[in-house]
file query15.txt (compact mmCIF, C-alpha atoms and all ligand atoms)
# COMPACT_ATOMS: atom_id res chain seq x y z
CA MET A 21 126.55 116.30 73.97
CA HIS A 22 122.90 115.66 73.25
CA ILE A 23 119.36 116.76 74.04
CA GLU A 24 117.58 114.04 75.99
CA LYS A 25 114.16 115.64 76.25
CA LEU A 26 112.32 118.65 74.97
CA LYS A 27 109.18 120.20 76.41
CA ILE A 28 107.37 122.99 74.59
CA LYS A 29 104.42 125.14 75.59
CA ASN A 30 102.67 127.76 73.43
CA PHE A 31 105.52 128.02 70.96
CA ARG A 32 104.54 128.79 67.32
CA ASN A 33 102.02 126.09 66.31
CA TYR A 34 102.87 123.82 69.29
CA SER A 35 100.42 124.13 72.19
CA GLN A 36 102.08 121.41 74.17
CA LEU A 37 104.84 118.93 73.38
CA ASP A 38 106.89 116.54 75.47
CA ILE A 39 109.37 114.32 73.62
CA THR A 40 112.42 112.19 74.23
CA PHE A 41 115.04 112.10 71.50
CA ASP A 42 117.50 109.53 70.27
CA ASP A 43 121.08 110.51 71.04
CA LYS A 44 122.07 109.83 67.40
CA VAL A 45 119.84 110.76 64.47
CA ASN A 46 116.27 112.06 64.73
CA VAL A 47 114.29 112.57 61.54
CA ILE A 48 111.45 115.08 61.72
CA ILE A 49 109.17 114.31 58.83
CA GLY A 50 105.99 116.06 57.71
CA GLU A 51 104.19 117.97 55.01
CA ASN A 52 104.75 121.69 54.50
CA ALA A 53 103.69 124.12 57.22
CA GLN A 54 103.14 121.42 59.87
CA GLY A 55 105.84 122.55 62.32
CA LYS A 56 109.16 120.95 61.32
CA THR A 57 111.11 124.19 61.22
CA ASN A 58 109.31 125.39 64.35
CA LEU A 59 110.72 122.38 66.20
CA MET A 60 114.24 123.12 64.94
CA GLU A 61 113.74 126.75 65.89
CA ALA A 62 112.77 125.71 69.45
CA ILE A 63 116.07 123.83 69.81
CA TYR A 64 118.00 126.75 68.33
CA LEU A 65 116.28 129.12 70.75
CA LEU A 66 117.18 126.88 73.68
CA ALA A 67 120.85 127.16 72.68
CA PHE A 68 121.07 130.82 71.67
CA THR A 69 118.05 132.42 73.40
CA LYS A 70 117.00 133.78 70.02
CA SER A 71 115.49 132.50 66.84
CA HIS A 72 117.48 131.96 63.64
CA ARG A 73 114.69 133.46 61.55
CA THR A 74 113.23 136.39 63.41
CA PRO A 75 114.52 139.00 65.87
CA ARG A 76 110.95 139.49 67.18
CA GLY A 77 110.23 137.28 70.20
CA LYS A 78 106.50 138.03 69.95
CA GLU A 79 106.22 136.07 66.69
CA LEU A 80 107.36 132.95 68.52
CA ILE A 81 104.56 132.98 71.07
CA GLN A 82 101.51 131.05 69.94
CA TRP A 83 98.72 133.27 68.68
CA GLU A 84 96.25 134.21 71.43
CA GLN A 85 98.73 133.20 74.16
CA ASP A 86 100.82 135.50 76.35
CA TYR A 87 103.92 133.39 76.91
CA ALA A 88 105.93 130.55 75.38
CA LYS A 89 108.18 128.13 77.23
CA ILE A 90 110.85 125.73 76.02
CA GLU A 91 112.54 123.32 78.37
CA GLY A 92 115.32 120.92 77.52
CA ARG A 93 117.32 118.33 79.37
CA ILE A 94 120.88 118.24 78.11
CA THR A 95 123.68 115.72 78.58
CA LYS A 96 127.13 117.24 78.34
CA ARG A 97 130.41 115.84 79.69
CA SER A 98 128.45 112.98 81.34
CA GLN A 99 126.32 115.46 83.27
CA SER A 100 122.64 116.03 82.80
CA PHE A 101 121.14 119.48 83.35
CA PRO A 102 117.99 121.46 82.47
CA LEU A 103 117.76 124.58 80.29
CA GLU A 104 114.69 126.78 80.07
CA ILE A 105 113.61 129.76 78.02
CA VAL A 106 110.42 131.70 78.70
CA LEU A 107 109.22 134.40 76.31
CA SER A 108 106.51 136.83 77.29
CA GLY A 109 105.42 140.44 76.87
CA LYS A 110 107.93 141.31 79.59
CA GLY A 111 110.82 139.94 77.55
CA LYS A 112 112.84 136.76 77.85
CA LYS A 113 114.10 134.68 80.75
CA ALA A 114 116.85 132.09 80.42
CA LYS A 115 117.46 129.50 83.12
CA LEU A 116 120.42 127.18 83.42
CA ASN A 117 120.14 124.53 86.11
CA ARG A 118 116.88 126.23 87.18
CA LEU A 119 118.71 129.49 87.94
CA GLU A 120 117.87 132.57 85.94
CA GLN A 121 120.89 133.92 84.07
CA ARG A 122 120.80 137.68 83.66
CA ARG A 123 123.80 137.82 81.39
CA LEU A 124 123.52 136.06 78.04
CA SER A 125 127.19 135.20 78.29
CA ASP A 126 126.44 133.02 81.34
CA TYR A 127 123.83 131.03 79.43
CA ILE A 128 124.91 130.74 75.79
CA GLY A 129 127.39 127.93 75.29
CA ALA A 130 125.72 125.52 77.75
CA LEU A 131 124.18 123.80 74.73
CA ASN A 132 126.22 123.96 71.52
CA VAL A 133 124.24 123.86 68.31
CA VAL A 134 125.21 124.08 64.66
CA MET A 135 122.37 124.70 62.26
CA PHE A 136 122.49 124.08 58.56
CA ALA A 137 119.49 125.31 56.59
CA PRO A 138 119.07 126.15 52.86
CA GLU A 139 119.80 129.83 53.56
CA ASP A 140 123.24 128.82 54.90
CA LEU A 141 124.15 127.79 51.39
CA THR A 142 124.26 131.51 50.68
CA LEU A 143 126.96 132.01 53.32
CA VAL A 144 129.55 132.57 50.62
CA LYS A 145 127.68 134.62 48.05
CA GLY A 146 125.05 136.36 50.21
CA PRO A 147 125.42 139.81 51.80
CA PRO A 148 128.22 140.43 54.38
CA GLN A 149 125.84 140.50 57.37
CA ILE A 150 125.23 136.76 56.88
CA ARG A 151 128.95 136.09 57.31
CA ARG A 152 129.25 138.46 60.30
CA ARG A 153 126.27 136.80 61.96
CA PHE A 154 127.85 133.41 61.33
CA ILE A 155 131.09 134.47 63.04
CA ASP A 156 129.23 136.06 65.96
CA MET A 157 127.01 133.04 66.61
CA GLU A 158 129.87 130.55 66.41
CA LEU A 159 132.38 132.52 68.40
CA GLY A 160 129.74 133.44 70.96
CA GLN A 161 128.96 129.86 71.80
CA ILE A 162 132.57 128.89 72.43
CA GLN A 163 133.71 132.13 74.10
CA PRO A 164 131.30 133.79 76.56
CA SER A 165 133.48 136.93 76.78
CA TYR A 166 132.94 137.44 73.04
CA ILE A 167 129.19 137.83 73.68
CA TYR A 168 129.93 140.37 76.38
CA HIS A 169 132.14 142.52 74.13
CA LEU A 170 129.71 142.17 71.22
CA GLY A 171 126.76 143.32 73.35
CA GLN A 172 128.70 146.33 74.64
CA TYR A 173 130.01 147.13 71.18
CA GLN A 174 126.51 147.13 69.66
CA LYS A 175 125.13 149.33 72.42
CA ILE A 176 127.93 151.91 72.12
CA LEU A 177 127.74 151.79 68.33
CA ARG A 178 124.05 152.78 68.46
CA GLN A 179 124.83 155.68 70.82
CA ARG A 180 127.76 156.81 68.70
CA ASN A 181 125.74 156.70 65.47
CA HIS A 182 122.99 158.69 67.15
CA LEU A 183 125.50 161.32 68.29
CA LEU A 184 127.17 161.49 64.87
CA LYS A 185 123.75 162.22 63.35
CA GLN A 186 123.19 164.99 65.92
CA ILE A 187 126.57 166.57 65.11
CA GLN A 188 125.86 166.17 61.39
CA ARG A 189 122.70 168.26 61.84
CA ASN A 190 124.15 170.74 64.33
CA HIS A 191 127.89 171.35 64.36
CA GLN A 192 127.65 173.21 67.68
CA VAL A 193 127.05 169.92 69.60
CA ASP A 194 129.87 169.29 72.11
CA ARG A 195 132.33 166.75 70.71
CA THR A 196 133.75 165.59 74.04
CA MET A 197 131.09 162.89 74.19
CA LEU A 198 132.14 161.69 70.75
CA ASP A 199 135.69 161.19 72.02
CA VAL A 200 134.37 159.21 75.00
CA LEU A 201 132.22 156.95 72.82
CA THR A 202 135.03 156.48 70.29
CA GLU A 203 137.33 155.32 73.07
CA GLN A 204 134.70 152.96 74.48
CA LEU A 205 133.96 151.58 71.02
CA THR A 206 137.67 150.97 70.44
CA GLU A 207 137.94 149.11 73.76
CA HIS A 208 135.33 146.59 72.64
CA ALA A 209 136.13 146.53 68.91
CA SER A 210 139.70 145.40 69.55
CA PRO A 211 138.99 142.18 71.50
CA LEU A 212 136.26 141.34 68.96
CA LEU A 213 138.69 141.67 66.09
CA GLU A 214 141.47 139.82 67.91
CA ARG A 215 139.12 136.88 68.63
CA ARG A 216 137.76 136.84 65.11
CA PHE A 217 141.31 136.53 63.75
CA VAL A 218 142.02 133.55 65.98
CA PHE A 219 138.66 131.98 65.11
CA LEU A 220 139.23 132.45 61.41
CA ASP A 221 142.62 130.83 61.61
CA LEU A 222 141.09 127.72 63.22
CA LEU A 223 138.13 127.68 60.82
CA ARG A 224 140.47 127.86 57.84
CA LYS A 225 142.56 125.01 59.24
CA TRP A 226 139.51 122.74 59.55
CA ALA A 227 137.67 123.85 56.39
CA ARG A 228 140.57 123.41 53.93
CA PRO A 229 140.96 119.60 54.12
CA ILE A 230 137.16 119.15 54.22
CA HIS A 231 136.69 121.22 51.07
CA TYR A 232 139.55 119.38 49.39
CA GLY A 233 137.79 116.06 50.17
CA ILE A 234 134.33 117.15 49.02
CA SER A 235 135.75 118.60 45.79
CA ARG A 236 137.45 115.23 45.09
CA GLU A 237 140.85 116.77 45.69
CA LEU A 238 140.43 119.39 42.99
CA GLU A 239 139.93 122.57 44.97
CA LYS A 240 141.94 124.43 47.57
CA LEU A 241 139.83 126.65 49.80
CA ASP A 242 141.11 129.78 51.46
CA ILE A 243 139.27 132.24 53.69
CA GLU A 244 140.46 135.75 54.34
CA TYR A 245 139.23 138.18 56.96
CA ALA A 246 138.63 141.63 55.47
CA PRO A 247 138.76 144.26 58.23
CA THR A 248 138.01 147.96 57.84
CA ILE A 249 141.47 148.88 59.18
CA ASP A 250 144.89 147.98 57.92
CA VAL A 251 146.04 145.39 60.45
CA SER A 252 147.83 142.06 60.49
CA GLU A 253 145.86 138.94 61.50
CA THR A 254 148.48 138.18 64.11
CA ALA A 255 148.18 141.60 65.76
CA GLU A 256 147.39 141.69 69.47
CA LYS A 257 144.72 143.71 71.25
CA GLY A 258 147.02 146.65 72.09
CA THR A 259 148.17 147.06 68.49
CA ILE A 260 144.63 146.75 67.15
CA GLU A 261 143.48 149.40 69.64
CA SER A 262 146.07 151.95 68.58
CA ILE A 263 145.29 151.38 64.89
CA TYR A 264 141.57 151.95 65.56
CA ARG A 265 142.31 155.14 67.57
CA LYS A 266 144.46 156.58 64.81
CA LYS A 267 141.98 155.70 62.07
CA PHE A 268 139.02 157.13 64.02
CA GLN A 269 140.92 160.44 64.31
CA GLU A 270 141.68 160.46 60.60
CA ILE A 271 138.09 159.84 59.52
CA GLN A 272 136.26 161.92 62.13
CA GLU A 273 135.09 164.63 59.72
CA LYS A 274 133.99 162.03 57.19
CA GLU A 275 131.98 160.17 59.86
CA ILE A 276 130.25 163.41 60.88
CA GLU A 277 129.50 164.19 57.25
CA ARG A 278 127.93 160.74 56.81
CA GLY A 279 126.38 160.64 60.29
CA THR A 280 127.50 157.07 60.97
CA THR A 281 130.41 154.90 62.18
CA LEU A 282 132.42 153.89 59.14
CA ILE A 283 134.93 151.42 60.59
CA GLY A 284 134.80 148.51 63.03
CA PRO A 285 133.83 144.83 63.23
CA HIS A 286 130.24 145.66 62.21
CA ARG A 287 131.54 146.43 58.72
CA ASP A 288 134.08 143.62 58.29
CA ASP A 289 133.66 140.68 55.95
CA LEU A 290 135.04 137.29 54.96
CA ILE A 291 136.35 136.55 51.49
CA PHE A 292 136.38 132.99 50.15
CA TYR A 293 138.85 131.78 47.54
CA VAL A 294 138.95 128.51 45.62
CA ASN A 295 142.24 127.79 43.87
CA HIS A 296 143.16 131.45 44.53
CA LYS A 297 140.08 132.82 42.76
CA ASN A 298 137.39 134.73 44.65
CA VAL A 299 134.43 132.32 44.90
CA GLN A 300 131.92 135.12 45.54
CA THR A 301 132.76 136.62 42.16
CA TYR A 302 133.99 133.74 40.04
CA GLY A 303 132.75 130.56 41.75
CA SER A 304 130.06 128.33 40.32
CA GLN A 305 127.00 127.71 42.45
CA GLY A 306 128.38 124.22 43.16
CA GLN A 307 131.70 125.63 44.40
CA GLN A 308 129.89 128.16 46.59
CA ARG A 309 127.78 125.36 48.08
CA THR A 310 130.81 123.16 48.69
CA ALA A 311 132.56 126.04 50.44
CA ALA A 312 129.48 126.70 52.61
CA LEU A 313 129.19 123.00 53.50
CA SER A 314 132.92 122.77 54.27
CA VAL A 315 132.67 125.76 56.60
CA LYS A 316 129.69 124.22 58.44
CA LEU A 317 131.50 120.89 58.84
CA ALA A 318 134.62 122.75 59.96
CA GLU A 319 132.56 124.52 62.58
CA ILE A 320 131.52 121.15 64.03
CA GLU A 321 135.16 120.06 64.35
CA LEU A 322 136.15 123.45 65.74
CA ILE A 323 133.54 123.24 68.49
CA TYR A 324 134.63 119.68 69.27
CA ASN A 325 138.18 120.91 69.70
CA GLU A 326 137.28 123.91 71.83
CA VAL A 327 134.54 122.33 73.94
CA GLY A 328 135.64 118.70 74.00
CA GLU A 329 132.31 117.39 72.69
CA TYR A 330 130.46 117.50 69.40
CA PRO A 331 127.63 120.06 69.13
CA VAL A 332 124.06 119.10 68.29
CA LEU A 333 123.48 119.43 64.55
CA LEU A 334 120.25 120.74 63.02
CA LEU A 335 119.77 119.99 59.33
CA ASP A 336 116.65 121.91 58.43
CA ASP A 337 115.35 120.85 55.04
CA VAL A 338 118.84 120.98 53.62
CA LEU A 339 119.56 117.38 52.57
CA SER A 340 117.35 117.63 49.51
CA GLU A 341 119.33 120.73 48.48
CA LEU A 342 122.58 118.76 48.27
CA ASP A 343 123.60 116.35 45.53
CA ASP A 344 124.30 112.68 46.39
CA PHE A 345 128.02 113.16 46.83
CA ARG A 346 127.76 116.16 49.18
CA GLN A 347 124.87 114.53 50.98
CA SER A 348 126.80 111.36 51.75
CA HIS A 349 129.86 113.38 52.75
CA LEU A 350 127.73 115.17 55.31
CA LEU A 351 126.03 112.01 56.58
CA ASN A 352 129.35 110.12 56.81
CA THR A 353 130.68 112.92 58.98
CA ILE A 354 127.87 112.75 61.52
CA GLN A 355 127.49 108.99 61.54
CA GLY A 356 127.41 107.61 65.05
CA LYS A 357 129.02 110.58 66.76
CA ILE A 358 126.82 113.68 66.49
CA GLN A 359 123.24 114.01 67.69
CA THR A 360 121.47 115.24 64.57
CA PHE A 361 117.98 116.48 63.80
CA VAL A 362 117.02 116.18 60.14
CA SER A 363 113.82 117.83 58.97
CA THR A 364 112.39 116.79 55.64
CA THR A 365 109.13 116.30 53.78
CA SER A 366 110.29 112.89 52.57
CA VAL A 367 113.15 110.45 53.11
CA LYS A 368 112.65 109.00 49.64
CA GLY A 369 115.87 109.07 47.66
CA ILE A 370 118.04 109.32 50.75
CA ASN A 371 119.43 105.84 51.11
CA HIS A 372 122.27 106.53 53.48
CA GLU A 373 122.43 104.04 56.37
CA THR A 374 122.57 106.90 58.90
CA LEU A 375 118.95 107.68 58.13
CA GLN A 376 117.85 104.06 58.10
CA GLU A 377 118.92 103.70 61.73
CA ALA A 378 117.29 106.99 62.75
CA GLU A 379 114.35 107.58 65.07
CA LEU A 380 111.37 108.92 63.12
CA PHE A 381 109.08 111.69 64.35
CA ARG A 382 106.06 112.56 62.24
CA VAL A 383 104.84 116.14 62.54
CA GLU A 384 101.24 117.07 61.83
CA ASP A 385 99.70 120.41 62.65
CA GLY A 386 101.85 121.13 65.71
CA LYS A 387 101.70 117.56 67.07
CA VAL A 388 104.45 114.96 66.99
CA PHE A 389 103.84 111.23 66.51
CA THR A 390 106.53 108.57 66.97
N1 LIG A 401 103.06 132.33 66.51
C1 LIG A 401 102.44 131.31 65.91
N2 LIG A 401 101.34 130.74 66.47
C2 LIG A 401 100.69 129.72 65.87
N3 LIG A 401 101.08 129.15 64.70
C3 LIG A 401 102.17 129.68 64.10
C4 LIG A 401 102.92 130.77 64.67
N4 LIG A 401 103.95 131.07 63.85
C5 LIG A 401 103.86 130.20 62.81
N5 LIG A 401 102.80 129.37 62.95
C6 LIG A 401 102.36 128.30 62.04
O1 LIG A 401 103.42 127.33 61.94
C7 LIG A 401 103.32 126.70 60.65
C8 LIG A 401 104.66 126.69 59.97
O2 LIG A 401 105.45 125.74 60.55
P1 LIG A 401 106.94 125.48 60.05
O3 LIG A 401 107.57 126.75 59.61
O4 LIG A 401 107.60 124.70 61.11
O5 LIG A 401 106.65 124.61 58.76
P2 LIG A 401 107.44 123.36 58.20
O6 LIG A 401 106.78 122.11 58.69
O7 LIG A 401 108.89 123.53 58.45
O8 LIG A 401 107.07 123.52 56.69
P3 LIG A 401 107.99 123.68 55.36
O9 LIG A 401 108.31 122.29 54.94
O10 LIG A 401 107.04 124.37 54.43
O11 LIG A 401 109.16 124.53 55.73
C9 LIG A 401 102.35 127.48 59.82
O12 LIG A 401 101.16 126.76 59.72
C10 LIG A 401 102.15 128.77 60.62
O13 LIG A 401 100.89 129.30 60.41

call {"tool": "encode", "arguments": {"input": "query15.txt", "output": "structure tokens", "more": "lines below"}}
Ligand SMILES: Nc1ncnc2c1ncn2[C@@H]1O[C@H](COP(=O)(O)OP(=O)(O)OP(=O)(O)O)[C@@H](O)[C@H]1O
result
Amino acid sequence: MHIEKLKIKNFRNYSQLDITFDDKVNVIIGENAQGKTNLMEAIYLLAFTKSHRTPRGKELIQWEQDYAKIEGRITKRSQSFPLEIVLSGKGKKAKLNRLEQRRLSDYIGALNVVMFAPEDLTLVKGPPQIRRRFIDMELGQIQPSYIYHLGQYQKILRQRNHLLKQIQRNHQVDRTMLDVLTEQLTEHASPLLERRFVFLDLLRKWARPIHYGISRELEKLDIEYAPTIDVSETAEKGTIESIYRKKFQEIQEKEIERGTTLIGPHRDDLIFYVNHKNVQTYGSQGQQRTAALSVKLAEIELIYNEVGEYPVLLLDDVLSELDDFRQSHLLNTIQGKIQTFVSTTSVKGINHETLQEAELFRVEDGKVFT
């Protein structure tokens, strides 16, 4: 799949932009603070309806303006269709084929995007929320029902945490509501966990040979899912549900004492191993980077297998962070088959033929010159 055209209005430092992209490699080049990342962010927003760097939609609207609009024309499975996102004080509107989609799960997944930015290199050693966000974003774009369960789960989790705090302060509060919320939370936690297990199994399958290749056949990568309950990765929804129910009963007093939900997918994590050693704890920075790169490349293959087409790849200022060997591994992978956007301050030192054949876009103060 690829993005044919992009139209932007009042987004970050872009007042107005209307560009046509190459279906292979597009290099976005410019000095610092000119709008390279903003352009990548616009594409990310078009795919996921939210930014990769801020949860606050207001920041995305150009200063002094009251709305921002991003339109894209996408080609997927030989069909061409428009996508549109409008942000304003009233919230956000997402249109697919000119029709407003009220449920995120009906919109996300129309355009598949994989982003690789310097902060993704901390996927392995950074805090657990980075890894949970990674799973949620990737699973969400290949399985709309995952987004539905995640949205419900997060809503019920907030209510449950609020109630636990109330009971913590006042033990007289009726606990019937807690039972109701616990049951509802379990109903959404279980499909989330079941899908994450399946996703992890596929990710592992794709990431292992990639990591082995990048490490010049020296390192075997393994990824383990670390849930907050004792459950097998092959367990089905029903089994997961009954384990959650039992565990919630066991820890009820502890949860009230702490005033928060102590188990569930919002507290799970991934553990990375190289040659059976935990990379988070024992890995060198190089090993951690290789593992992060392998996982990103695996994600591309995984989407190809699930969706039938390669996603659009955004490489935001990340090439200069990789050494020559990792850089050429990455560029060999995308060569000729994946529409890629590369943002950089300079192409000096990057001699790979993929970039020589690329379309160049120069960014200056929120304007793009070809
Ligand atoms: N809401 C906004 N309205 C107007 N301008 C904004 C808004 N948000 C950010 N900017 C401007 O966008 C510019 C930053 O652009 P961007 O983050 O894309 O930089 P960049 O070209 O990727 O630079 P670097 O190479 O340093 O990462 C800054 O000049 C900033 O002031």

call {"tool": "closest_residue", "arguments": {"input": "query15.txt", "among": "A:Tyr264, A:Phe217, A:Tyr232, A:Phe68", "to": "Ile167 of chain A", "atoms": "all atoms listed in the file"}}
result
A:Phe68

call {"tool": "closest_residue", "arguments": {"input": "query15.txt", "among": "A:Val200, A:Val338, A:Leu213, A:Leu177", "to": "ligand LIG 401 (chain A)", "atoms": "only C-alpha atoms and all ligand atoms"}}
result
A:Val338

call {"tool": "residues_around", "arguments": {"input": "query15.txt", "residues": "segment 201-210 of chain A", "least_positions_apart": "4", "cutoff": "7 Å", "atoms": "only C-alpha atoms", "output": "PyMOL selection string"}}
result
chain A and resi 169+172-173+176-177+180+197+214+257+260-261+264-265+284-285

call {"tool": "axis_aligned_box", "arguments": {"input": "query15.txt", "around": "ligand LIG 401 (chain A)", "padding_each_side": "6 Å", "output": "JSON"}}
result
{"center_x": 104.9, "center_y": 127.2, "center_z": 60.5, "size_x": 20.5, "size_y": 22.2, "size_z": 24.1}

call {"tool": "residues_near_ligand", "arguments": {"input": "query15.txt", "ligand": "ligand LIG 401 (chain A)", "cutoff": "8 Å", "atoms": "only C-alpha atoms and all ligand atoms", "output": "VMD selection string"}}
result
chain A and resid 30 to 34 50 to 60 78 to 84 336 to 337 363 to 365 383 385 to 386

call {"tool": "residues_around", "arguments": {"input": "query15.txt", "residues": "Ile187 of chain A", "least_positions_apart": "2", "cutoff": "12 Å", "atoms": "only C-alpha atoms", "output": "list in words"}}
result
Arg180, Asn181, His182, Leu183, Leu184, Lys185, Arg189, Asn190, His191, Gln192, Val193, Asp194, Arg195, Thr196, Met197, Leu198, Gln272, Glu273, Lys274, Glu275, Ile276, Glu277, Arg278, Gly279 and Thr280 of chain A

call {"tool": "atom_distance", "arguments": {"input": "query15.txt", "atom1": "atom CA of Pro102 of chain A", "atom2": "atom CA of Asn117 of chain A"}}
result
5.2 Å

call {"tool": "closest_residue", "arguments": {"input": "query15.txt", "among": "A:Val47, A:Tyr330, A:Ser165, A:Leu380", "to": "Gly356 of chain A", "atoms": "all atoms listed in the file"}}
result
A:Tyr330

call {"tool": "atom_distance", "arguments": {"input": "query15.txt", "atom1": "atom CA of Ile94 of chain A", "atom2": "atom CA of Leu37 of chain A"}}
result
16.7 Å

call {"tool": "residues_around", "arguments": {"input": "query15.txt", "residues": "Gly328 of chain A", "least_positions_apart": "6", "cutoff": "12 Å", "atoms": "only C-alpha atoms", "output": "list in words"}}
result
Met21, Lys96, Arg97, Ser98, Asn132, Ile162, Ile320, Glu321 and Leu322 of chain A

call {"tool": "write_last_selection", "arguments": {"input": "query15.txt", "atoms": "C-alpha atoms", "output": "PDB file, in the coordinates of the input"}}
result
ATOM      1  CA  MET A  21     126.550 116.300  73.970  1.00  0.00           C
ATOM      2  CA  LYS A  96     127.130 117.240  78.340  1.00  0.00           C
ATOM      3  CA  ARG A  97     130.410 115.840  79.690  1.00  0.00           C
ATOM      4  CA  SER A  98     128.450 112.980  81.340  1.00  0.00           C
ATOM      5  CA  ASN A 132     126.220 123.960  71.520  1.00  0.00           C
ATOM      6  CA  ILE A 162     132.570 128.890  72.430  1.00  0.00           C
ATOM      7  CA  ILE A 320     131.520 121.150  64.030  1.00  0.00           C
ATOM      8  CA  GLU A 321     135.160 120.060  64.350  1.00  0.00           C
ATOM      9  CA  LEU A 322     136.150 123.450  65.740  1.00  0.00           C
TER      10      LEU A 322
END

call {"tool": "residues_near_point", "arguments": {"input": "query15.txt", "point": "(133.6, 126.1, 51.1)", "cutoff": "9 Å", "atoms": "all atoms listed in the file", "output": "PDB file with C-alpha atoms, keeping the file's coordinate frame"}}
result
ATOM      1  CA  VAL A 144     129.550 132.570  50.620  1.00  0.00           C
ATOM      2  CA  ALA A 227     137.670 123.850  56.390  1.00  0.00           C
ATOM      3  CA  ARG A 228     140.570 123.410  53.930  1.00  0.00           C
ATOM      4  CA  ILE A 230     137.160 119.150  54.220  1.00  0.00           C
ATOM      5  CA  HIS A 231     136.690 121.220  51.070  1.00  0.00           C
ATOM      6  CA  LEU A 241     139.830 126.650  49.800  1.00  0.00           C
ATOM      7  CA  ASP A 242     141.110 129.780  51.460  1.00  0.00           C
ATOM      8  CA  ILE A 243     139.270 132.240  53.690  1.00  0.00           C
ATOM      9  CA  PHE A 292     136.380 132.990  50.150  1.00  0.00           C
ATOM     10  CA  TYR A 293     138.850 131.780  47.540  1.00  0.00           C
ATOM     11  CA  VAL A 294     138.950 128.510  45.620  1.00  0.00           C
ATOM     12  CA  VAL A 299     134.430 132.320  44.900  1.00  0.00           C
ATOM     13  CA  GLN A 307     131.700 125.630  44.400  1.00  0.00           C
ATOM     14  CA  GLN A 308     129.890 128.160  46.590  1.00  0.00           C
ATOM     15  CA  ARG A 309     127.780 125.360  48.080  1.00  0.00           C
ATOM     16  CA  THR A 310     130.810 123.160  48.690  1.00  0.00           C
ATOM     17  CA  ALA A 311     132.560 126.040  50.440  1.00  0.00           C
ATOM     18  CA  ALA A 312     129.480 126.700  52.610  1.00  0.00           C
ATOM     19  CA  LEU A 313     129.190 123.000  53.500  1.00  0.00           C
ATOM     20  CA  SER A 314     132.920 122.770  54.270  1.00  0.00           C
ATOM     21  CA  VAL A 315     132.670 125.760  56.600  1.00  0.00           C
ATOM     22  CA  LYS A 316     129.690 124.220  58.440  1.00  0.00           C
TER      23      LYS A 316
END

call {"tool": "atom_distance", "arguments": {"input": "query15.txt", "atom1": "atom CA of Leu290 of chain A", "atom2": "atom CA of Arg73 of chain A"}}
result
21.7 Å
